[in-house]
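A.B. asks: Have a peek at target28.cif (mmCIF, C-alpha atoms).
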data_upload
#
loop_
_atom_site.label_atom_id
_atom_site.label_comp_id
_atom_site.auth_asym_id
_atom_site.auth_seq_id
_atom_site.Cartn_x
_atom_site.Cartn_y
_atom_site.Cartn_z
CA MET A 25 65.37 -88.37 12.19
CA SER A 26 63.46 -89.27 9.01
CA ARG A 27 62.36 -86.56 6.60
CA PRO A 28 58.71 -85.46 6.69
CA ARG A 29 56.66 -86.95 3.88
CA VAL A 30 54.08 -84.39 2.77
CA LEU A 31 50.84 -85.04 0.91
CA VAL A 32 49.82 -81.96 -1.11
CA ILE A 33 46.10 -82.14 -1.86
CA ASP A 34 45.37 -81.07 -5.44
CA ALA A 35 41.60 -80.76 -5.73
CA GLY A 36 41.85 -78.25 -8.59
CA LEU A 37 41.73 -75.22 -6.31
CA GLY A 38 44.79 -73.51 -7.81
CA ASN A 39 47.95 -72.19 -6.16
CA ILE A 40 49.60 -75.61 -6.21
CA GLY A 41 52.76 -74.69 -8.11
CA SER A 42 54.00 -72.01 -5.73
CA VAL A 43 53.22 -74.17 -2.69
CA LEU A 44 55.15 -77.09 -4.16
CA ALA A 45 58.08 -74.82 -4.99
CA ALA A 46 58.17 -73.49 -1.41
CA LEU A 47 58.01 -76.99 0.09
CA HIS A 48 60.72 -78.25 -2.27
CA ARG A 49 63.07 -75.73 -0.63
CA LEU A 50 62.56 -77.50 2.70
CA ASP A 51 63.90 -80.83 3.90
CA CYS A 52 60.93 -83.02 3.03
CA ASP A 53 59.56 -85.49 0.50
CA LEU A 54 56.49 -84.41 -1.48
CA GLU A 55 53.65 -86.07 -3.32
CA ARG A 56 51.01 -84.08 -5.18
CA THR A 57 47.80 -86.08 -5.43
CA LYS A 58 44.60 -85.30 -7.34
CA LEU A 59 42.52 -88.10 -5.80
CA PRO A 60 42.47 -89.40 -2.22
CA PRO A 61 44.91 -92.27 -1.64
CA LEU A 62 43.86 -95.60 -0.21
CA ALA A 63 44.26 -95.92 3.55
CA ALA A 64 47.32 -98.17 3.22
CA ASN A 65 49.04 -95.69 0.89
CA ALA A 66 48.08 -92.69 3.01
CA ALA A 67 49.75 -94.21 6.06
CA VAL A 68 53.21 -93.27 4.74
CA PHE A 69 52.51 -89.53 4.93
CA THR A 70 53.39 -87.52 8.03
CA HIS A 71 51.85 -84.16 7.00
CA ALA A 72 49.14 -82.92 4.62
CA VAL A 73 48.69 -79.50 3.00
CA LEU A 74 45.43 -78.17 1.51
CA PRO A 75 46.16 -75.10 -0.64
CA GLY A 76 43.52 -73.11 -2.45
CA VAL A 77 42.33 -69.85 -3.93
CA GLY A 78 38.82 -68.81 -4.98
CA ALA A 79 35.31 -68.94 -3.54
CA PHE A 80 34.17 -71.12 -0.64
CA ALA A 81 31.27 -72.67 -2.59
CA ALA A 82 33.46 -73.71 -5.51
CA GLY A 83 36.09 -75.04 -3.12
CA MET A 84 33.69 -77.31 -1.27
CA GLU A 85 32.13 -78.46 -4.54
CA ALA A 86 35.58 -79.48 -5.78
CA LEU A 87 36.38 -81.36 -2.54
CA ARG A 88 33.08 -83.24 -2.71
CA ALA A 89 33.44 -84.05 -6.42
CA THR A 90 36.84 -85.63 -5.87
CA GLY A 91 36.05 -87.30 -2.54
CA TRP A 92 38.60 -85.25 -0.61
CA ASP A 93 35.99 -83.94 1.85
CA GLY A 94 35.20 -87.32 3.40
CA TRP A 95 38.80 -88.48 3.13
CA ILE A 96 40.11 -85.47 5.08
CA GLN A 97 37.38 -85.78 7.71
CA GLN A 98 37.46 -89.55 8.16
CA GLN A 99 40.84 -90.82 6.96
CA TRP A 100 43.23 -88.03 7.97
CA CYS A 101 41.87 -85.99 10.84
CA GLY A 102 41.97 -87.86 14.11
CA THR A 103 45.12 -89.77 13.14
CA GLY A 104 47.41 -87.35 14.98
CA ARG A 105 49.07 -86.14 11.77
CA PRO A 106 49.15 -82.39 11.08
CA LEU A 107 47.06 -80.75 8.34
CA LEU A 108 47.69 -77.20 7.07
CA GLY A 109 45.05 -75.27 5.12
CA ILE A 110 46.36 -72.28 3.14
CA CYS A 111 44.13 -69.30 2.18
CA LEU A 112 40.91 -70.90 0.82
CA GLY A 113 42.21 -74.17 2.23
CA MET A 114 42.07 -72.59 5.69
CA GLN A 115 38.54 -71.31 5.14
CA LEU A 116 37.30 -74.75 4.05
CA LEU A 117 38.19 -76.08 7.51
CA ALA A 118 35.28 -74.03 8.91
CA SER A 119 31.76 -75.24 9.65
CA GLN A 120 30.15 -72.87 7.16
CA GLY A 121 30.96 -70.23 4.56
CA ARG A 122 28.95 -67.59 2.74
CA GLU A 123 30.99 -66.86 -0.37
CA GLY A 124 29.12 -68.14 -3.43
CA ALA A 125 26.12 -69.29 -1.36
CA ASP A 126 22.68 -69.61 -2.92
CA THR A 127 19.46 -68.37 -1.32
CA SER A 128 20.08 -70.55 1.75
CA GLY A 129 22.84 -68.12 2.69
CA VAL A 130 25.47 -70.63 3.86
CA ILE A 131 27.44 -73.60 2.58
CA SER A 132 28.64 -76.43 4.80
CA GLY A 133 32.42 -76.71 5.16
CA LEU A 134 34.64 -79.49 6.48
CA ASP A 135 33.67 -78.51 10.05
CA LEU A 136 37.11 -79.35 11.44
CA ILE A 137 37.37 -76.01 13.24
CA PRO A 138 33.95 -74.68 14.33
CA GLY A 139 33.19 -71.26 12.90
CA GLN A 140 32.01 -69.29 9.89
CA VAL A 141 33.72 -67.63 6.93
CA GLN A 142 32.24 -64.19 6.29
CA ARG A 143 33.01 -61.21 4.09
CA LEU A 144 35.36 -58.63 5.59
CA ALA A 145 33.54 -55.49 6.74
CA VAL A 146 36.04 -52.89 5.58
CA CYS A 147 36.04 -49.16 6.33
CA PRO A 148 35.36 -46.55 3.64
CA GLY A 149 38.46 -46.05 1.54
CA LEU A 150 39.55 -49.70 1.78
CA VAL A 151 38.90 -52.03 -1.12
CA LEU A 152 38.35 -55.77 -1.47
CA PRO A 153 40.02 -58.07 -2.04
CA HIS A 154 42.60 -57.33 0.62
CA VAL A 155 45.84 -57.77 -1.33
CA GLY A 156 49.38 -57.25 -0.08
CA TRP A 157 51.60 -57.39 2.98
CA ASN A 158 50.06 -57.17 6.43
CA ALA A 159 51.26 -57.71 9.98
CA LEU A 160 50.62 -60.93 11.85
CA HIS A 161 49.98 -60.60 15.61
CA TRP A 162 50.32 -63.80 17.60
CA GLN A 163 47.98 -64.60 20.48
CA ASN A 164 49.31 -66.14 23.68
CA PRO A 165 50.07 -68.97 23.74
CA ALA A 166 50.81 -69.00 20.02
CA GLY A 167 52.20 -72.53 19.94
CA PRO A 168 54.90 -74.19 17.82
CA LEU A 169 53.78 -72.68 14.51
CA ALA A 170 55.03 -69.28 15.75
CA LYS A 171 58.52 -70.45 16.71
CA GLY A 172 61.11 -67.90 15.56
CA LEU A 173 58.47 -65.55 14.15
CA ARG A 174 58.36 -62.13 15.76
CA ASP A 175 55.05 -60.46 16.51
CA GLY A 176 54.13 -57.95 13.81
CA GLY A 177 56.00 -59.69 11.00
CA ASP A 178 54.44 -59.21 7.56
CA MET A 179 52.80 -61.98 5.52
CA TYR A 180 51.26 -61.78 2.04
CA PHE A 181 47.42 -61.81 1.84
CA VAL A 182 44.87 -62.09 -0.99
CA HIS A 183 41.29 -62.48 0.28
CA SER A 184 37.88 -60.87 0.74
CA TYR A 185 36.50 -63.27 3.36
CA ALA A 186 37.83 -64.24 6.77
CA PHE A 187 37.44 -67.14 9.23
CA GLN A 188 35.55 -66.34 12.43
CA PRO A 189 36.17 -69.23 14.88
CA LEU A 190 33.37 -70.08 17.27
CA ASP A 191 35.91 -70.68 20.05
CA PRO A 192 38.40 -67.79 20.50
CA ALA A 193 40.97 -70.34 21.70
CA HIS A 194 41.18 -71.64 18.12
CA SER A 195 42.54 -68.28 16.91
CA LEU A 196 46.35 -68.29 17.09
CA ALA A 197 46.96 -64.94 15.37
CA PHE A 198 45.11 -61.96 13.97
CA SER A 199 45.67 -59.20 11.44
CA ASP A 200 43.90 -55.92 10.68
CA TYR A 201 42.28 -54.61 7.51
CA GLY A 202 39.47 -52.26 8.45
CA GLN A 203 38.68 -54.79 11.17
CA SER A 204 40.60 -57.36 13.17
CA PHE A 205 40.36 -60.81 11.60
CA THR A 206 41.77 -64.23 12.44
CA SER A 207 44.77 -65.06 10.27
CA VAL A 208 45.94 -68.34 11.88
CA VAL A 209 43.68 -71.06 13.33
CA ARG A 210 44.21 -74.36 15.07
CA ASN A 211 42.07 -77.14 16.46
CA GLY A 212 44.14 -80.12 17.54
CA ASP A 213 46.28 -81.18 14.57
CA CYS A 214 44.34 -79.03 12.07
CA TYR A 215 46.00 -75.70 11.28
CA GLY A 216 45.07 -72.94 8.85
CA VAL A 217 46.63 -69.69 7.65
CA GLN A 218 44.73 -66.99 5.76
CA PHE A 219 47.87 -65.62 4.10
CA HIS A 220 50.17 -67.29 1.57
CA PRO A 221 53.32 -68.52 3.35
CA GLU A 222 54.71 -69.67 0.01
CA LYS A 223 54.70 -66.03 -1.14
CA SER A 224 55.78 -64.51 2.18
CA GLN A 225 59.54 -64.87 1.69
CA ARG A 226 61.66 -65.55 4.78
CA LEU A 227 58.86 -65.47 7.37
CA GLY A 228 56.61 -67.70 5.28
CA HIS A 229 59.49 -70.12 4.79
CA ARG A 230 59.97 -70.27 8.57
CA LEU A 231 56.27 -70.91 9.17
CA LEU A 232 56.26 -73.83 6.70
CA GLU A 233 59.42 -75.11 8.36
CA ASN A 234 57.66 -74.93 11.73
CA PHE A 235 54.70 -76.86 10.34
CA LEU A 236 56.95 -79.63 9.05
CA SER A 237 58.65 -79.82 12.44
CA LEU A 238 55.34 -80.80 14.08
CA LYS A 239 55.54 -84.45 15.09
CA PRO A 240 52.67 -86.81 14.31
CA CYS A 241 51.20 -88.17 17.52
#
Output the structure of this file as structure tokens.
C.D. replies:
Amino acid sequence: MSRPRVLVIDAGLGNIGSVLAALHRLDCDLERTKLPPLAANAAVFTHAVLPGVGAFAAGMEALRATGWDGWIQQQWCGTGRPLLGICLGMQLLASQGREGADTSGVISGLDLIPGQVQRLAVCPGLVLPHVGWNALHWQNPAGPLAKGLRDGGDMYFVHSYAFQPLDPAHSLAFSDYGQSFTSVVRNGDCYGVQFHPEKSQRLGHRLLENFLSLKPC
């Protein structure tokens, strides 16, 4: 079986180095790209990863400025090849987000998984951002991304906002921080994780391994 060939989208959203390091430890070929490849060049890739940290508004502005927004929507999604959004990259898959919004209150996202990204409503005594290790609880059926990952395993989080899918079936897992929030999403071949698998040691390594094991349709 041929090795996965992974396109790592570098739209200037940070967190690229640790993601590349984690993927280098897996059996795959990598290419980090700052601008969208031509359709003929993109055809060689089997998987794509969209990492990111920061605010939703700045993230979407960066995707639009570099042309990644239209490329992801029109050139990648719908081809049957898996896409993984990490942290902010997961949130940008949503229809709308509120972080960094102007007076209109919302910013349009990639709209690949219907839903909104909203600020966590934490209890008194809890602070934002939510930083540190937290349990991941898989929904049933969790699907291939959860293979070999026990329910309640800890992943590493850094965020103040969370994805609220419009369709509950798009939520594969949840975590708790003053409220229950979706921590893994999926719609077709588009996946997203709110935590940082590249910083989540053995369990994060297994999740990335599971993602790379997904076969393009």
A.B. asks: Any chance you could work out the residue set of the PyMOL selection byres ((chain A and resi 39) around 8) here, as a list of chain:residue names?
C.D. replies: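 So the PyMOL selection byres ((chain A and resi 39) around 8) ends up selecting A:Leu37, A:Gly38, A:Ile40, A:Gly41, A:Ser42, A:Val43, A:Pro75, A:Gly76, A:Val77.
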A.B. asks: What would the selection look like, as a PDB file with C-alpha atoms, in the coordinates of the input, if the PyMOL selection byres ((chain A and resi 214) around 10) were run on the coordinates I just shared?
C.D. replies:
ATOM      1  CA  ALA A  72      49.140 -82.920   4.620  1.00  0.00           C
ATOM      2  CA  TRP A 100      43.230 -88.030   7.970  1.00  0.00           C
ATOM      3  CA  CYS A 101      41.870 -85.990  10.840  1.00  0.00           C
ATOM      4  CA  GLY A 102      41.970 -87.860  14.110  1.00  0.00           C
ATOM      5  CA  GLY A 104      47.410 -87.350  14.980  1.00  0.00           C
ATOM      6  CA  ARG A 105      49.070 -86.140  11.770  1.00  0.00           C
ATOM      7  CA  PRO A 106      49.150 -82.390  11.080  1.00  0.00           C
ATOM      8  CA  LEU A 107      47.060 -80.750   8.340  1.00  0.00           C
ATOM      9  CA  LEU A 108      47.690 -77.200   7.070  1.00  0.00           C
ATOM     10  CA  GLY A 109      45.050 -75.270   5.120  1.00  0.00           C
ATOM     11  CA  MET A 114      42.070 -72.590   5.690  1.00  0.00           C
ATOM     12  CA  LEU A 117      38.190 -76.080   7.510  1.00  0.00           C
ATOM     13  CA  LEU A 136      37.110 -79.350  11.440  1.00  0.00           C
ATOM     14  CA  ILE A 137      37.370 -76.010  13.240  1.00  0.00           C
ATOM     15  CA  VAL A 209      43.680 -71.060  13.330  1.00  0.00           C
ATOM     16  CA  ARG A 210      44.210 -74.360  15.070  1.00  0.00           C
ATOM     17  CA  ASN A 211      42.070 -77.140  16.460  1.00  0.00           C
ATOM     18  CA  GLY A 212      44.140 -80.120  17.540  1.00  0.00           C
ATOM     19  CA  ASP A 213      46.280 -81.180  14.570  1.00  0.00           C
ATOM     20  CA  TYR A 215      46.000 -75.700  11.280  1.00  0.00           C
ATOM     21  CA  GLY A 216      45.070 -72.940   8.850  1.00  0.00           C
TER      22      GLY A 216
END
A.B. asks: Suppose a student applies the PyMOL selection byres ((chain A and resi 83) around 9) to this structure; what residues should they get, written as a PyMOL selection string?
C.D. replies: chain A and resi 35-37+76-82+84-88+112-113+116
A.B. asks: Which residue gives the smallest distance to A:Tyr180 among A:Val68, A:Ala159, A:Ala45, A:Val32, with only C-alpha atoms counted?
C.D. replies: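 Smallest distance to A:Tyr180 is found for A:Ala159.
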A.B. asks: For a test of reading the model, state the distance in Å between atom CA of A:Cys52 and atom CA of A:Ser26, rounded to one decimal.
C.D. replies: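 Atom CA of A:Ser26 lies 9.0 Å from atom CA of A:Cys52.
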A.B. asks: Could you name the residues that touch A:Lys239 at 12 Å or less, counting all atoms listed in the file, but leaving out those on the same chain fewer than 2 positions away, as a list in words?
C.D. replies: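 My reading of the contact set: Met25, Ser26, Arg27, Pro28, Arg29, Phe69, Thr70, His71, Thr103, Gly104, Arg105, Pro106, Leu107, Pro168, Leu169, Asp213, Asn234, Phe235, Leu236, Ser237 and Cys241 of chain A.
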A.B. asks: Counting all atoms listed in the file, select every polymer residue within 12 Å of (55.6, -70.9, 8.4) as defined in the file's coordinates, and provide the selection as an NGL selection string.
C.D. replies: :A and (43 or 46-47 or 50 or 108-110 or 160 or 168-174 or 177-180 or 208 or 215-238)
A.B. asks: Could you check the closest approach to A:Arg122 for each of A:Val141, A:Ala89, A:Val151, A:Ala66 and tell me which residue wins, using all atoms listed in the file?
C.D. replies: A:Val141
A.B. asks: In Å to one decimal, how far is atom CA of A:Leu74 from atom CA of A:Gly133?
C.D. replies: 13.6 Å
A.B. asks: Please provide as a list in words all residues within 8 Å of A:Gly91, with the sequence filter that same-chain residues fewer than 4 positions apart are discarded (counting all atoms listed in the file).
C.D. replies: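 Returned residues: Leu59, Pro60, Leu87 and Trp95 of chain A.
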A.B. asks: Using all atoms listed in the file, which residue out of A:Leu134, A:Ala186, A:Ala125, A:Ala166 lies closest to A:Val146?
C.D. replies: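 Going through A:Leu134, A:Ala186, A:Ala125, A:Ala166 one by one, the smallest distance to A:Val146 is for A:Ala186.
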A.B. asks: Can you tell me how far atom CA of A:His161 sits from atom CA of A:Pro189, in Å to one decimal?
C.D. replies: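 Taking atom CA of A:His161 as the start and atom CA of A:Pro189 as the end point, the length is 16.3 Å.
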A.B. asks: Smallest atom-to-atom distance to A:Gln120: which of A:Phe187, A:Gly176, A:Leu62, A:Trp92, using only C-alpha atoms?
C.D. replies: A:Phe187
A.B. asks: Taking all atoms listed in the file into account, which of A:Gln97, A:Val182, A:Gln163, A:Pro240 comes nearest A:Ala197?
C.D. replies: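 Among the listed residues, A:Gln163 lies closest to A:Ala197.
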A.B. asks: So which one's closest to A:Thr90, A:Asp51, A:Phe181, A:Asp175, A:Lys58? Using all atoms listed in the file, please.
C.D. replies: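 Closest candidate: A:Lys58.
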A.B. asks: Please complete stretch 49-60 of chain A with all heavy atoms and give it back as a PDB file, keeping the file's coordinate frame.
C.D. replies:
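rebuild_19.pdb, freshly written:
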ATOM      1  N   ARG A  49      61.903 -76.394  -1.217  1.00  0.00           N
ATOM      2  CA  ARG A  49      63.070 -75.730  -0.630  1.00  0.00           C
ATOM      3  C   ARG A  49      63.311 -76.164   0.814  1.00  0.00           C
ATOM      4  O   ARG A  49      64.287 -75.741   1.433  1.00  0.00           O
ATOM      5  CB  ARG A  49      62.898 -74.211  -0.713  1.00  0.00           C
ATOM      6  CG  ARG A  49      62.945 -73.671  -2.143  1.00  0.00           C
ATOM      7  CD  ARG A  49      63.056 -72.164  -2.177  1.00  0.00           C
ATOM      8  NE  ARG A  49      61.818 -71.511  -1.811  1.00  0.00           N
ATOM      9  CZ  ARG A  49      60.870 -71.162  -2.683  1.00  0.00           C
ATOM     10  NH1 ARG A  49      61.023 -71.426  -3.974  1.00  0.00           N
ATOM     11  NH2 ARG A  49      59.775 -70.551  -2.277  1.00  0.00           N
ATOM     12  N   LEU A  50      62.427 -76.994   1.331  1.00  0.00           N
ATOM     13  CA  LEU A  50      62.560 -77.500   2.700  1.00  0.00           C
ATOM     14  C   LEU A  50      62.983 -78.963   2.673  1.00  0.00           C
ATOM     15  O   LEU A  50      62.926 -79.636   1.634  1.00  0.00           O
ATOM     16  CB  LEU A  50      61.226 -77.339   3.443  1.00  0.00           C
ATOM     17  CG  LEU A  50      60.762 -75.888   3.618  1.00  0.00           C
ATOM     18  CD1 LEU A  50      59.312 -75.848   4.058  1.00  0.00           C
ATOM     19  CD2 LEU A  50      61.640 -75.174   4.628  1.00  0.00           C
ATOM     20  N   ASP A  51      63.372 -79.457   3.809  1.00  0.00           N
ATOM     21  CA  ASP A  51      63.900 -80.830   3.900  1.00  0.00           C
ATOM     22  C   ASP A  51      62.743 -81.807   4.079  1.00  0.00           C
ATOM     23  O   ASP A  51      62.442 -82.266   5.192  1.00  0.00           O
ATOM     24  CB  ASP A  51      64.877 -80.928   5.075  1.00  0.00           C
ATOM     25  CG  ASP A  51      65.555 -82.280   5.140  1.00  0.00           C
ATOM     26  OD1 ASP A  51      65.670 -82.925   4.081  1.00  0.00           O
ATOM     27  OD2 ASP A  51      65.967 -82.683   6.246  1.00  0.00           O
ATOM     28  N   CYS A  52      62.073 -82.115   2.952  1.00  0.00           N
ATOM     29  CA  CYS A  52      60.930 -83.020   3.030  1.00  0.00           C
ATOM     30  C   CYS A  52      60.757 -83.730   1.689  1.00  0.00           C
ATOM     31  O   CYS A  52      61.321 -83.332   0.668  1.00  0.00           O
ATOM     32  CB  CYS A  52      59.656 -82.264   3.393  1.00  0.00           C
ATOM     33  SG  CYS A  52      59.097 -81.082   2.140  1.00  0.00           S
ATOM     34  N   ASP A  53      59.971 -84.781   1.709  1.00  0.00           N
ATOM     35  CA  ASP A  53      59.560 -85.490   0.500  1.00  0.00           C
ATOM     36  C   ASP A  53      58.117 -85.099   0.204  1.00  0.00           C
ATOM     37  O   ASP A  53      57.290 -85.000   1.118  1.00  0.00           O
ATOM     38  CB  ASP A  53      59.661 -86.999   0.690  1.00  0.00           C
ATOM     39  CG  ASP A  53      61.098 -87.446   0.926  1.00  0.00           C
ATOM     40  OD1 ASP A  53      61.989 -86.937   0.221  1.00  0.00           O
ATOM     41  OD2 ASP A  53      61.311 -88.282   1.822  1.00  0.00           O
ATOM     42  N   LEU A  54      57.810 -84.911  -1.085  1.00  0.00           N
ATOM     43  CA  LEU A  54      56.490 -84.410  -1.480  1.00  0.00           C
ATOM     44  C   LEU A  54      55.790 -85.382  -2.408  1.00  0.00           C
ATOM     45  O   LEU A  54      56.423 -86.060  -3.218  1.00  0.00           O
ATOM     46  CB  LEU A  54      56.612 -83.079  -2.218  1.00  0.00           C
ATOM     47  CG  LEU A  54      57.126 -81.861  -1.463  1.00  0.00           C
ATOM     48  CD1 LEU A  54      57.193 -80.682  -2.422  1.00  0.00           C
ATOM     49  CD2 LEU A  54      56.236 -81.544  -0.292  1.00  0.00           C
ATOM     50  N   GLU A  55      54.469 -85.394  -2.309  1.00  0.00           N
ATOM     51  CA  GLU A  55      53.650 -86.070  -3.320  1.00  0.00           C
ATOM     52  C   GLU A  55      52.396 -85.241  -3.544  1.00  0.00           C
ATOM     53  O   GLU A  55      51.642 -84.982  -2.609  1.00  0.00           O
ATOM     54  CB  GLU A  55      53.288 -87.486  -2.908  1.00  0.00           C
ATOM     55  CG  GLU A  55      52.553 -88.228  -4.017  1.00  0.00           C
ATOM     56  CD  GLU A  55      52.423 -89.707  -3.745  1.00  0.00           C
ATOM     57  OE1 GLU A  55      53.323 -90.270  -3.112  1.00  0.00           O
ATOM     58  OE2 GLU A  55      51.412 -90.288  -4.170  1.00  0.00           O
ATOM     59  N   ARG A  56      52.214 -84.818  -4.778  1.00  0.00           N
ATOM     60  CA  ARG A  56      51.010 -84.080  -5.180  1.00  0.00           C
ATOM     61  C   ARG A  56      49.988 -85.079  -5.693  1.00  0.00           C
ATOM     62  O   ARG A  56      50.273 -85.859  -6.598  1.00  0.00           O
ATOM     63  CB  ARG A  56      51.382 -83.079  -6.265  1.00  0.00           C
ATOM     64  CG  ARG A  56      50.214 -82.399  -6.951  1.00  0.00           C
ATOM     65  CD  ARG A  56      50.744 -81.519  -8.070  1.00  0.00           C
ATOM     66  NE  ARG A  56      49.694 -80.819  -8.779  1.00  0.00           N
ATOM     67  CZ  ARG A  56      49.929 -79.940  -9.752  1.00  0.00           C
ATOM     68  NH1 ARG A  56      51.180 -79.686 -10.132  1.00  0.00           N
ATOM     69  NH2 ARG A  56      48.921 -79.326 -10.354  1.00  0.00           N
ATOM     70  N   THR A  57      48.789 -85.064  -5.111  1.00  0.00           N
ATOM     71  CA  THR A  57      47.800 -86.080  -5.430  1.00  0.00           C
ATOM     72  C   THR A  57      46.453 -85.436  -5.765  1.00  0.00           C
ATOM     73  O   THR A  57      45.948 -84.615  -5.015  1.00  0.00           O
ATOM     74  CB  THR A  57      47.615 -87.046  -4.234  1.00  0.00           C
ATOM     75  OG1 THR A  57      48.888 -87.542  -3.839  1.00  0.00           O
ATOM     76  CG2 THR A  57      46.734 -88.209  -4.614  1.00  0.00           C
ATOM     77  N   LYS A  58      45.887 -85.849  -6.913  1.00  0.00           N
ATOM     78  CA  LYS A  58      44.600 -85.300  -7.340  1.00  0.00           C
ATOM     79  C   LYS A  58      43.415 -86.032  -6.737  1.00  0.00           C
ATOM     80  O   LYS A  58      42.335 -85.465  -6.602  1.00  0.00           O
ATOM     81  CB  LYS A  58      44.504 -85.317  -8.876  1.00  0.00           C
ATOM     82  CG  LYS A  58      45.463 -84.364  -9.579  1.00  0.00           C
ATOM     83  CD  LYS A  58      45.266 -84.395 -11.074  1.00  0.00           C
ATOM     84  CE  LYS A  58      46.181 -83.394 -11.778  1.00  0.00           C
ATOM     85  NZ  LYS A  58      45.808 -82.003 -11.464  1.00  0.00           N
ATOM     86  N   LEU A  59      43.587 -87.304  -6.387  1.00  0.00           N
ATOM     87  CA  LEU A  59      42.520 -88.100  -5.800  1.00  0.00           C
ATOM     88  C   LEU A  59      42.990 -88.678  -4.469  1.00  0.00           C
ATOM     89  O   LEU A  59      44.182 -88.947  -4.284  1.00  0.00           O
ATOM     90  CB  LEU A  59      42.095 -89.225  -6.737  1.00  0.00           C
ATOM     91  CG  LEU A  59      41.436 -88.783  -8.049  1.00  0.00           C
ATOM     92  CD1 LEU A  59      41.201 -89.992  -8.953  1.00  0.00           C
ATOM     93  CD2 LEU A  59      40.126 -88.051  -7.786  1.00  0.00           C
ATOM     94  N   PRO A  60      42.084 -88.886  -3.533  1.00  0.00           N
ATOM     95  CA  PRO A  60      42.470 -89.400  -2.220  1.00  0.00           C
ATOM     96  C   PRO A  60      43.140 -90.765  -2.319  1.00  0.00           C
ATOM     97  O   PRO A  60      42.656 -91.651  -3.025  1.00  0.00           O
ATOM     98  CB  PRO A  60      41.148 -89.491  -1.463  1.00  0.00           C
ATOM     99  CG  PRO A  60      40.225 -88.567  -2.170  1.00  0.00           C
ATOM    100  CD  PRO A  60      40.635 -88.594  -3.605  1.00  0.00           C
TER     101      PRO A  60
END
